[in-house]
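What follows is the content of entry_27.txt (compact mmCIF, C-alpha atoms).
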# COMPACT_ATOMS: atom_id res chain seq x y z
CA MET F 1 0.00 0.00 0.00
CA ALA F 2 2.80 2.40 0.96
CA ALA F 3 4.61 1.66 -2.28
CA ALA F 4 1.41 2.23 -4.24
CA MET F 5 0.86 5.56 -2.47
CA LYS F 6 4.42 6.61 -3.33
CA VAL F 7 3.76 5.85 -6.99
CA VAL F 8 0.51 7.84 -6.95
CA CYS F 9 2.19 10.82 -5.25
CA MET F 10 5.05 10.74 -7.72
CA MET F 11 2.64 10.69 -10.65
CA PHE F 12 0.75 13.60 -9.10
CA LEU F 13 3.93 15.66 -8.70
CA VAL F 14 4.97 14.90 -12.27
CA ALA F 15 1.54 16.02 -13.50
CA ILE F 16 1.77 19.26 -11.48
CA PHE F 17 5.29 19.93 -12.76
CA HIS F 18 4.16 19.31 -16.34
CA LYS F 19 1.15 21.59 -15.90
CA HIS F 20 3.22 24.53 -14.76
CA HIS F 21 6.22 24.06 -17.06
CA ALA F 22 4.74 23.05 -20.39
CA HIS F 23 5.25 24.93 -23.65
CA GLY F 24 8.91 25.74 -23.11
CA ALA F 25 9.29 29.30 -21.83
CA ILE F 26 5.52 29.74 -21.43
CA SER F 27 3.94 27.91 -18.54
CA ALA F 28 0.67 26.02 -18.93
CA ASP F 29 -1.05 28.56 -16.66
CA THR F 30 0.11 31.45 -18.82
CA GLN F 31 -0.86 29.62 -21.99
CA LYS F 32 -4.34 29.16 -20.55
CA LEU F 33 -4.60 32.93 -19.99
CA ILE F 34 -3.43 33.58 -23.57
CA ASP F 35 -6.04 31.18 -24.92
CA GLU F 36 -8.71 32.86 -22.79
CA ALA F 37 -7.68 36.28 -24.05
CA ASN F 38 -7.71 35.19 -27.68
CA MET F 39 -11.29 33.97 -27.36
CA ASN F 40 -12.20 37.65 -27.00
CA GLY F 41 -10.02 38.80 -29.91
CA PRO F 42 -9.03 40.09 -32.30
CA TYR F 43 -7.36 43.13 -30.75
CA LEU F 44 -5.73 46.32 -31.81
CA GLY F 45 -2.23 46.20 -30.35
CA LEU F 46 -0.78 49.38 -28.86
CA LEU F 47 3.00 49.33 -28.52
CA ILE F 48 4.31 52.07 -26.23
CA PRO F 49 7.99 52.79 -25.51
CA ASN F 50 7.84 54.01 -21.89
CA LEU F 51 5.53 54.39 -18.90
CA PHE F 52 5.46 58.18 -19.17
CA GLU F 53 3.90 57.68 -22.61
CA MET F 54 1.56 54.91 -21.42
CA ASN F 55 0.23 56.53 -18.24
CA PRO F 56 -1.72 59.32 -20.02
CA LEU F 57 -3.56 56.62 -21.97
CA LEU F 58 -4.31 54.57 -18.85
CA GLN F 59 -5.84 57.71 -17.34
CA HIS F 60 -7.68 58.79 -20.50
CA PRO F 61 -11.51 58.90 -20.16
CA ASN F 62 -11.94 56.91 -23.38
CA TYR F 63 -9.82 54.01 -22.15
CA THR F 64 -11.53 51.32 -20.08
CA SER F 65 -9.42 48.63 -18.44
CA THR F 66 -10.76 45.10 -18.11
CA ASN F 67 -8.42 44.60 -15.12
CA PHE F 68 -6.93 41.65 -16.97
CA THR F 69 -3.17 41.44 -17.53
CA ILE F 70 -0.74 38.76 -18.67
CA ASP F 71 2.95 38.95 -17.77
CA ILE F 72 5.28 37.26 -20.24
CA ALA F 73 9.04 37.56 -20.74
CA GLY F 74 9.30 40.72 -18.66
CA ARG F 75 6.39 42.39 -20.47
CA ARG F 76 2.93 43.17 -19.11
CA PHE F 77 0.09 42.90 -21.62
CA ARG F 78 -2.85 45.02 -20.44
CA PHE F 79 -6.32 44.38 -21.85
CA GLY F 80 -9.02 47.00 -22.26
CA LYS F 81 -11.21 48.97 -24.63
CA ILE F 82 -10.89 52.30 -26.38
CA VAL F 83 -14.35 53.32 -27.50
CA GLU F 84 -15.68 49.97 -28.82
CA LYS F 85 -12.32 48.54 -29.86
CA ASN F 86 -10.66 45.72 -27.90
CA VAL F 87 -7.06 46.72 -27.29
CA ILE F 88 -3.89 45.31 -25.78
CA LEU F 89 -1.41 47.79 -24.33
CA VAL F 90 2.21 46.79 -23.80
CA MET F 91 5.32 48.79 -22.95
CA THR F 92 8.28 47.90 -25.16
CA GLY F 93 11.08 49.66 -23.32
CA LEU F 94 13.77 51.81 -24.89
CA SER F 95 15.56 50.87 -28.14
CA MET F 96 15.16 48.89 -31.34
CA ILE F 97 15.86 45.52 -29.73
CA ASN F 98 13.24 45.91 -27.00
CA ALA F 99 10.68 47.19 -29.51
CA GLY F 100 11.37 44.30 -31.88
CA ILE F 101 11.12 41.65 -29.17
CA THR F 102 7.88 43.09 -27.79
CA SER F 103 6.33 43.46 -31.24
CA GLN F 104 7.08 39.83 -32.09
CA LEU F 105 5.69 38.61 -28.76
CA LEU F 106 2.48 40.58 -29.30
CA LEU F 107 1.92 39.27 -32.82
CA THR F 108 2.94 35.68 -32.03
CA LEU F 109 0.89 35.20 -28.87
CA PHE F 110 -2.29 37.15 -29.53
CA LYS F 111 -4.91 37.63 -32.22
CA ILE F 112 -3.96 41.07 -33.51
CA GLU F 113 -5.83 42.80 -36.31
CA GLY F 114 -3.57 45.85 -36.40
CA VAL F 115 -0.90 47.77 -34.50
CA VAL F 116 -0.66 51.38 -33.36
CA HIS F 117 2.73 52.50 -32.09
CA TYR F 118 3.01 55.92 -30.50
CA GLY F 119 5.22 58.06 -28.31
CA ILE F 120 7.50 61.09 -28.44
CA ALA F 121 10.34 61.80 -30.86
CA GLY F 122 13.02 64.27 -31.78
CA ASN F 123 12.37 66.58 -34.72
CA ALA F 124 14.73 66.77 -37.69
CA ASN F 125 12.40 68.85 -39.87
CA PRO F 126 13.05 72.62 -39.52
CA SER F 127 9.55 73.45 -40.78
CA LEU F 128 7.90 71.62 -37.85
CA HIS F 129 7.80 72.57 -34.18
CA ILE F 130 7.76 71.05 -30.71
CA GLY F 131 4.35 69.68 -29.76
CA PHE F 132 3.40 68.81 -33.33
CA VAL F 133 2.22 65.22 -33.80
CA THR F 134 3.67 63.56 -36.88
CA ILE F 135 2.32 60.59 -38.83
CA PRO F 136 4.94 59.41 -41.35
CA GLN F 137 4.09 57.34 -44.39
CA TYR F 138 7.44 55.52 -44.36
CA TRP F 139 9.95 54.44 -41.71
CA SER F 140 13.57 53.31 -41.88
CA HIS F 141 16.24 51.94 -39.58
CA SER F 142 19.17 54.26 -40.23
CA ALA F 143 21.85 52.65 -38.05
CA LEU F 144 22.59 49.48 -40.00
CA TRP F 145 25.93 50.44 -41.53
CA SER F 146 28.88 49.26 -43.54
CA TRP F 147 31.80 51.26 -42.16
CA GLN F 148 34.31 51.76 -44.93
CA ARG F 149 38.02 51.50 -44.24
CA TYR F 150 40.17 54.59 -44.45
CA GLY F 151 41.58 55.25 -47.92
CA TYR F 152 38.53 53.87 -49.73
CA GLY F 153 35.80 56.03 -51.25
CA PRO F 154 32.46 56.05 -53.07
CA SER F 155 33.85 54.31 -56.15
CA ASP F 156 35.27 51.40 -54.12
CA GLU F 157 33.24 48.24 -53.67
CA LEU F 158 32.20 47.38 -50.12
CA PRO F 159 33.14 44.02 -48.57
CA LEU F 160 30.59 41.33 -49.53
CA GLU F 161 28.84 43.75 -51.88
CA PRO F 162 29.02 41.30 -54.83
CA ASN F 163 27.17 38.73 -52.67
CA GLY F 164 24.31 41.14 -52.09
CA ASP F 165 25.07 41.54 -48.39
CA TYR F 166 25.88 45.25 -48.59
CA THR F 167 25.11 48.06 -51.00
CA ARG F 168 26.10 51.62 -51.93
CA ASN F 169 22.64 52.41 -53.29
CA ILE F 170 21.25 54.21 -50.23
CA GLY F 171 24.13 56.57 -49.59
CA TYR F 172 26.71 57.45 -46.97
CA ILE F 173 27.94 60.04 -44.51
CA LYS F 174 31.50 61.31 -44.84
CA PHE F 175 32.97 62.26 -41.48
CA ALA F 176 35.51 64.64 -43.01
CA ASP F 177 32.61 66.88 -44.07
CA TYR F 178 32.01 67.65 -40.40
CA ALA F 179 35.54 68.62 -39.38
CA GLU F 180 35.90 71.90 -37.48
CA ASN F 181 38.53 74.66 -37.73
CA VAL F 182 39.94 73.53 -41.08
CA THR F 183 39.00 76.49 -43.28
CA ALA F 184 42.66 77.42 -43.78
CA CYS F 185 43.53 73.95 -45.10
CA ASN F 186 43.51 73.14 -48.80
CA SER F 187 42.23 69.64 -48.00
CA HIS F 188 41.41 67.56 -44.96
CA ASP F 189 40.36 64.03 -44.15
CA ASN F 190 39.17 61.93 -41.24
CA LEU F 191 40.30 58.46 -40.19
CA LEU F 192 36.66 57.54 -39.52
CA ASN F 193 36.13 57.86 -43.30
CA ASN F 194 32.61 56.91 -44.54
CA VAL F 195 29.60 55.04 -43.19
CA TRP F 196 27.23 53.51 -45.78
CA PHE F 197 23.56 53.08 -44.85
CA GLN F 198 22.18 49.57 -45.35
CA PRO F 199 18.73 48.02 -45.76
CA GLU F 200 17.48 45.39 -43.34
CA GLU F 201 17.29 41.73 -44.23
CA VAL F 202 13.65 40.71 -43.89
CA PHE F 203 11.92 37.33 -43.95
CA PRO F 204 8.18 37.83 -44.58
CA VAL F 205 5.81 35.29 -43.09
CA ASP F 206 4.41 34.57 -46.56
CA GLY F 207 7.86 34.22 -48.13
CA THR F 208 10.20 31.24 -48.39
CA PRO F 209 11.95 30.53 -45.06
CA GLU F 210 15.62 31.52 -45.03
CA GLN F 211 15.24 33.39 -48.33
CA ARG F 212 16.05 36.97 -47.44
CA GLN F 213 14.61 40.11 -48.92
CA HIS F 214 15.82 43.65 -48.29
CA ALA F 215 13.93 46.71 -47.11
CA PHE F 216 14.97 50.22 -46.11
CA TRP F 217 11.77 52.28 -46.32
CA ILE F 218 8.78 50.51 -44.76
CA PRO F 219 5.32 51.91 -45.63
CA VAL F 220 2.59 52.09 -43.00
CA ASP F 221 -0.79 50.60 -43.79
CA PRO F 222 -2.44 52.69 -46.56
CA LEU F 223 -5.93 52.45 -45.04
CA TYR F 224 -4.69 53.56 -41.62
CA PHE F 225 -2.69 56.37 -43.22
CA ASN F 226 -5.73 57.53 -45.17
CA ILE F 227 -7.84 57.60 -41.99
CA SER F 228 -5.14 59.57 -40.19
CA LYS F 229 -5.44 62.38 -42.74
CA SER F 230 -8.69 63.41 -41.03
CA LEU F 231 -6.80 63.98 -37.76
CA GLU F 232 -5.15 67.12 -39.08
CA ASP F 233 -8.11 69.18 -37.84
CA MET F 234 -7.52 68.23 -34.17
CA GLU F 235 -6.77 70.81 -31.50
CA LEU F 236 -3.74 69.91 -29.39
CA GLU F 237 -2.34 71.04 -26.05
CA ASN F 238 -0.23 74.19 -26.28
CA CYS F 239 0.87 74.81 -22.67
CA VAL F 240 2.74 72.81 -20.06
CA ASN F 241 1.36 75.08 -17.34
CA ALA F 242 0.03 78.62 -16.89
CA THR F 243 3.44 80.18 -17.56
CA THR F 244 5.06 77.80 -20.08
CA CYS F 245 3.47 77.68 -23.53
CA LEU F 246 4.67 77.04 -27.05
CA ASP F 247 5.10 79.91 -29.49
CA GLU F 248 3.66 77.83 -32.34
CA THR F 249 0.29 76.13 -31.87
CA PRO F 250 0.79 72.36 -32.27
CA ARG F 251 -1.07 70.44 -34.94
CA VAL F 252 -1.25 66.97 -36.44
CA VAL F 253 0.70 66.56 -39.69
CA GLN F 254 1.17 63.71 -42.08
CA VAL F 255 4.83 63.64 -43.16
CA HIS F 256 6.75 61.67 -45.73
CA ARG F 257 9.31 59.85 -43.59
CA GLY F 258 10.56 59.04 -40.11
CA THR F 259 13.67 57.17 -39.01
CA SER F 260 14.86 55.17 -36.00
CA ALA F 261 18.18 54.00 -34.58
CA GLY F 262 19.63 52.84 -31.29
CA ILE F 263 20.92 56.39 -30.90
CA TYR F 264 19.52 59.36 -28.98
CA VAL F 265 20.08 62.20 -31.45
CA ASP F 266 20.95 65.52 -29.81
CA ASN F 267 23.34 66.85 -32.43
CA ALA F 268 22.59 69.71 -34.84
CA ALA F 269 24.96 68.50 -37.57
CA TYR F 270 23.56 64.98 -37.71
CA ARG F 271 20.01 66.34 -37.49
CA SER F 272 20.67 68.50 -40.54
CA PHE F 273 22.34 65.63 -42.39
CA ILE F 274 19.52 63.09 -41.99
CA TYR F 275 16.90 65.67 -42.91
CA LYS F 276 18.70 66.71 -46.09
CA LYS F 277 19.70 63.14 -46.98
CA PHE F 278 16.45 61.32 -46.21
CA ASN F 279 13.75 64.00 -45.77
CA VAL F 280 12.81 62.65 -42.34
CA SER F 281 10.81 64.44 -39.68
CA PRO F 282 10.50 62.39 -36.45
CA VAL F 283 13.66 60.70 -35.18
CA ASP F 284 13.32 58.04 -32.49
CA MET F 285 14.69 54.74 -31.16
CA GLU F 286 11.85 52.21 -31.66
CA SER F 287 9.43 52.86 -34.52
CA ALA F 288 11.39 51.19 -37.33
CA ALA F 289 11.60 47.96 -35.31
CA VAL F 290 7.81 47.92 -34.96
CA ALA F 291 7.46 48.67 -38.68
CA LEU F 292 9.87 45.90 -39.70
CA ILE F 293 8.15 43.27 -37.53
CA CYS F 294 4.65 44.25 -38.68
CA MET F 295 5.73 44.31 -42.32
CA GLN F 296 7.24 40.82 -42.07
CA GLN F 297 4.17 39.46 -40.25
CA ARG F 298 1.81 41.22 -42.72
CA VAL F 299 -0.06 43.03 -39.95
CA PRO F 300 -1.36 46.55 -40.72
CA PHE F 301 0.23 49.28 -38.60
CA ILE F 302 0.56 53.00 -38.14
CA ILE F 303 3.04 55.05 -36.10
CA ILE F 304 2.21 58.34 -34.38
CA ARG F 305 5.01 60.41 -32.84
CA ALA F 306 4.75 63.75 -31.04
CA LEU F 307 7.77 66.04 -31.30
CA SER F 308 9.28 66.71 -27.88
CA ASP F 309 12.62 68.27 -28.86
CA LEU F 310 14.66 69.49 -31.82
CA ALA F 311 17.21 66.61 -31.88
CA GLY F 312 20.05 69.04 -31.18
CA GLY F 313 18.77 71.86 -33.34
CA GLY F 314 17.71 74.13 -30.49
CA SER F 315 19.58 76.01 -27.79
CA ALA F 316 23.06 74.82 -26.87
CA GLU F 317 22.21 75.34 -23.21
CA SER F 318 19.48 72.74 -22.77
CA ASN F 319 17.43 70.05 -24.44
CA GLU F 320 13.77 70.99 -24.92
CA ILE F 321 12.60 67.52 -23.92
CA ASP F 322 13.08 68.36 -20.23
CA THR F 323 10.34 70.98 -20.55
CA PHE F 324 7.94 69.55 -23.12
CA ILE F 325 8.00 65.77 -22.56
CA SER F 326 4.62 65.71 -20.77
CA LEU F 327 2.94 67.95 -23.35
CA ALA F 328 4.23 65.82 -26.22
CA SER F 329 3.16 62.60 -24.48
CA ASN F 330 -0.36 63.93 -23.87
CA ASN F 331 -0.68 65.12 -27.47
CA SER F 332 0.39 61.74 -28.83
CA VAL F 333 -2.15 59.93 -26.66
CA ASN F 334 -5.00 62.26 -27.65
CA VAL F 335 -4.23 61.71 -31.33
CA VAL F 336 -4.07 57.92 -30.87
CA VAL F 337 -7.46 57.85 -29.13
CA GLU F 338 -9.00 59.97 -31.87
CA PHE F 339 -7.45 57.76 -34.54
CA ILE F 340 -9.01 54.67 -32.97
CA LYS F 341 -12.40 56.42 -32.79
CA ARG F 342 -12.24 57.17 -36.49
CA LEU F 343 -10.95 53.68 -37.29
CA VAL F 344 -13.98 52.20 -35.50
CA SER F 345 -16.41 54.52 -37.30
CA ASP F 346 -14.75 53.81 -40.65
CA HIS F 347 -15.36 50.08 -40.19

Would you encode the structure as C-alpha cells?
Amino acid sequence: MAAAMKVVCMMFLVAIFHKHHAHGAISADTQKLIDEANMNGPYLGLLIPNLFEMNPLLQHPNYTSTNFTIDIAGRRFRFGKIVEKNVILVMTGLSMINAGITSQLLLTLFKIEGVVHYGIAGNANPSLHIGFVTIPQYWSHSALWSWQRYGYGPSDELPLEPNGDYTRNIGYIKFADYAENVTACNSHDNLLNNVWFQPEEVFPVDGTPEQRQHAFWIPVDPLYFNISKSLEDMELENCVNATTCLDETPRVVQVHRGTSAGIYVDNAAYRSFIYKKFNVSPVDMESAAVALICMQQRVPFIIIRALSDLAGGGSAESNEIDTFISLASNNSVNVVVEFIKRLVSDH
C-alpha cells in the first residue's frame, strides 16, 4: 500500500510539474490565460515605448481597463477597450531591440488585427515645431551600416557587396565633411572615413523561409494612413502650465518619412544631415523595429510620434525635452485615441 501511495504521489507531482512548465518558456497557466484572451479577440495592439507615454492613456476617459493582464518575458500585456475597440497595451522599453522583441511577442501570442505604435520623438524637420504630432508614411532603420576603411571612397566596392550583403545604393555620410577649424587647409580628411547606410534583411511570413529580402523604407498601412489624414483638424495642447506655452500652436501633420536608430540624437549637424539626406521628420529609437516586424508578419500598422525636442537643433544650453515631454506625451495619446475612434467609425 505504501509503495502504491508513493507511486501515486510521484505521478501527481509529475503532473503538477508538467502543468506549470509546459510549452517551453511559457507555462501552462500562462498559456491558458493567452487562450482565454484570444477567445475575445481580435485586438488592436498598442505598442508604447515608456511608462510616461503609457500613463496618459491609462488615465484617459476613453480608455476602459478590463483589469486583466498577462505577464510574459518581462512584459505586461494590459487588456481594455478604447471606444468599442478591444485593445492590448504593452510597454516595449527603450531601443530597437526591445521594440522588436515586444512586437514579435504581441503578434505571435495574440490575435492582432492591427498595430498602433506611438510616443515622443526628436524633430529633424526645420519646418515643424515642438508639440506637433507627426504621422509618417514611411519608416527606416538608419543605423545598420557598412563602415568603410580609411583610404577607400564612393567608387570602391564594399566588402561582400558582390554577394548582395551590402550596397552603396542608399548613400553614406562622410565624417571629413564635419571637421571643425579647417577652413585654412587646402584639403582635410578623417580616419573615420565613410559610413554607408544599409537596408534590413527581412523574412516575410508569406515568403520562403531563409530566403532573405531587403527593405529600407517601410510603408505604413495605406488604409490607416488615409484615416489619419482626417486627424489634421484636431486641436492639441499648447501649454505645459500657466506660464510655459509654445510659441507655435501644435497640430497633427502627415509627413513623408521618419527614421529610427539605437541612438539618442541631440546633435545639430547629424540632425541636418539626416533631414537633407532622407527628408525625415521624427527621429526616435523604436518605430522602425515595430514597422519591420509588422511588415514581415503582414499586420497593418501606423506610427504616431509627437515632437518633444529638436534633436540638437535648439539652444546649446538645454534640451527641450526636459520641458515639453509631458505635453508631447499627452498630445500623442490624444491623437491615438482619436485615430481609434475614427478607425472604428470607418469600419

Show me, as JSON lines, the residues of segment 87-108 of chain F having an atom within 10 Å of segment 248-272 of chain F, each with the closest atom pair and its distance in Å, using all atoms listed in the file.
{"residue": "F:Leu94", "atom": "CA", "partner": "F:Gly262", "partner_atom": "CA", "distance": 8.7}
{"residue": "F:Ser95", "atom": "CA", "partner": "F:Gly262", "partner_atom": "CA", "distance": 5.5}
{"residue": "F:Met96", "atom": "CA", "partner": "F:Gly262", "partner_atom": "CA", "distance": 6.0}
{"residue": "F:Ile97", "atom": "CA", "partner": "F:Gly262", "partner_atom": "CA", "distance": 8.4}

Give me the segment 162-258 of chain F side of the contact with segment 106-123 of chain F, cut-off 12 Å, one line per residue showing its nearest atom pair and distance in Å at one decimal, counting only C-alpha atoms, sorted by chain and residue number, as a tab-separated table.
residue	atom	partner	partner_atom	distance
F:Val205	CA	F:Thr108	CA	11.4
F:Val220	CA	F:Val115	CA	10.2
F:Asp221	CA	F:Gly114	CA	9.2
F:Leu223	CA	F:Gly114	CA	11.1
F:Tyr224	CA	F:Gly114	CA	9.4
F:Phe225	CA	F:Val116	CA	11.2
F:Ser228	CA	F:Val116	CA	11.6
F:Val255	CA	F:Asn123	CA	11.7
F:Arg257	CA	F:Asn123	CA	11.5
F:Gly258	CA	F:Asn123	CA	9.4

For C-alpha atoms, I'd like the residues from the last selection saved as a PDB file, in the coordinates of the input.
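Result saved to selection-v5.pdb:
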ATOM      1  CA  VAL F 205       5.810  35.290 -43.090  1.00  0.00           C
ATOM      2  CA  VAL F 220       2.590  52.090 -43.000  1.00  0.00           C
ATOM      3  CA  ASP F 221      -0.790  50.600 -43.790  1.00  0.00           C
ATOM      4  CA  LEU F 223      -5.930  52.450 -45.040  1.00  0.00           C
ATOM      5  CA  TYR F 224      -4.690  53.560 -41.620  1.00  0.00           C
ATOM      6  CA  PHE F 225      -2.690  56.370 -43.220  1.00  0.00           C
ATOM      7  CA  SER F 228      -5.140  59.570 -40.190  1.00  0.00           C
ATOM      8  CA  VAL F 255       4.830  63.640 -43.160  1.00  0.00           C
ATOM      9  CA  ARG F 257       9.310  59.850 -43.590  1.00  0.00           C
ATOM     10  CA  GLY F 258      10.560  59.040 -40.110  1.00  0.00           C
TER      11      GLY F 258
END

- Separation of atom CA of Ala124 of chain F from atom CA of Ala306 of chain F, in Å and rounded to one decimal: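 Computing it gives 12.4 Å between the two atoms.
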
- Task: Can you pull out every residue within 12 Å of Tyr152 of chain F, counting only C-alpha atoms, but drop anything in the same chain fewer than 4 positions away, and send it as a PyMOL selection string?
- Result: chain F and resi 147-148+156-159+174+189-196

- Any idea what the distance is between atom CA of Asp29 of chain F and atom CA of Gly80 of chain F? 20.9 Å

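Among F:Cys239, F:Leu144, F:Met295, F:Ile170, the residue with the shortest atom-to-atom distance to Pro204 of chain F, counting all atoms listed in the file, is F:Met295.
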
- Task: May I ask for the distance between atom CA of Val344 of chain F and atom CA of Ala288 of chain F, given in Å to one decimal place?
- Result: 25.5 Å

- Contact residues around Phe216 of chain F with all atoms listed in the file at 10 Å, ignoring same-chain residues under 2 positions, as a PyMOL selection string: chain F and resi 138-142+144+170+197-202+214+218-219+288+292

- Message: Given all atoms listed in the file as the basis, pick out the residue of F:Cys245, F:Ile82, F:Asp35, F:Phe132 nearest to Pro61 of chain F.
- Response: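 Ranking F:Cys245, F:Ile82, F:Asp35, F:Phe132 by distance to Pro61 of chain F, first place goes to F:Ile82.
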
- Query: Do you know which residues are at most 12 Å from Ile34 of chain F counting all atoms listed in the file, after dropping those on the same chain fewer than 6 positions away, and could you put them as an MDAnalysis selection string?
  - Reply: chainID F and resid 26:28 40:41 68:72 77:79 88 105:106 108:111

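Of the listed residues (F:Asn226, F:Gln297, F:Asn86, F:Ser287), F:Asn226 comes nearest to Arg342 of chain F; the distances count all atoms listed in the file.
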
- Measuring atom to atom with all atoms listed in the file, identify which of F:Val335, F:Ala37, F:Ala242, F:Ala311 is nearest to Thr66 of chain F. F:Ala37

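In this comparison, which uses all atoms listed in the file, the residue of F:Tyr172, F:Phe339, F:Tyr166, F:Phe324 approaching Ser230 of chain F most closely is F:Phe339.
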
- So which one's closest to Thr92 of chain F, F:Ser308, F:Asn334, F:Ser127, F:Gln104? Using all atoms listed in the file, please.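 Checking each of F:Ser308, F:Asn334, F:Ser127, F:Gln104 against Thr92 of chain F, counting all atoms listed in the file, the winner is F:Gln104.
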
Show me, as AutoDock Vina command-line options, the centre and edge lengths in Å to one decimal of the axis-aligned box that covers every listed atom of segment 253-257 of chain F with 6 Å on each side.
--center_x 5.0 --center_y 63.2 --center_z -42.7 --size_x 20.6 --size_y 18.7 --size_z 18.0
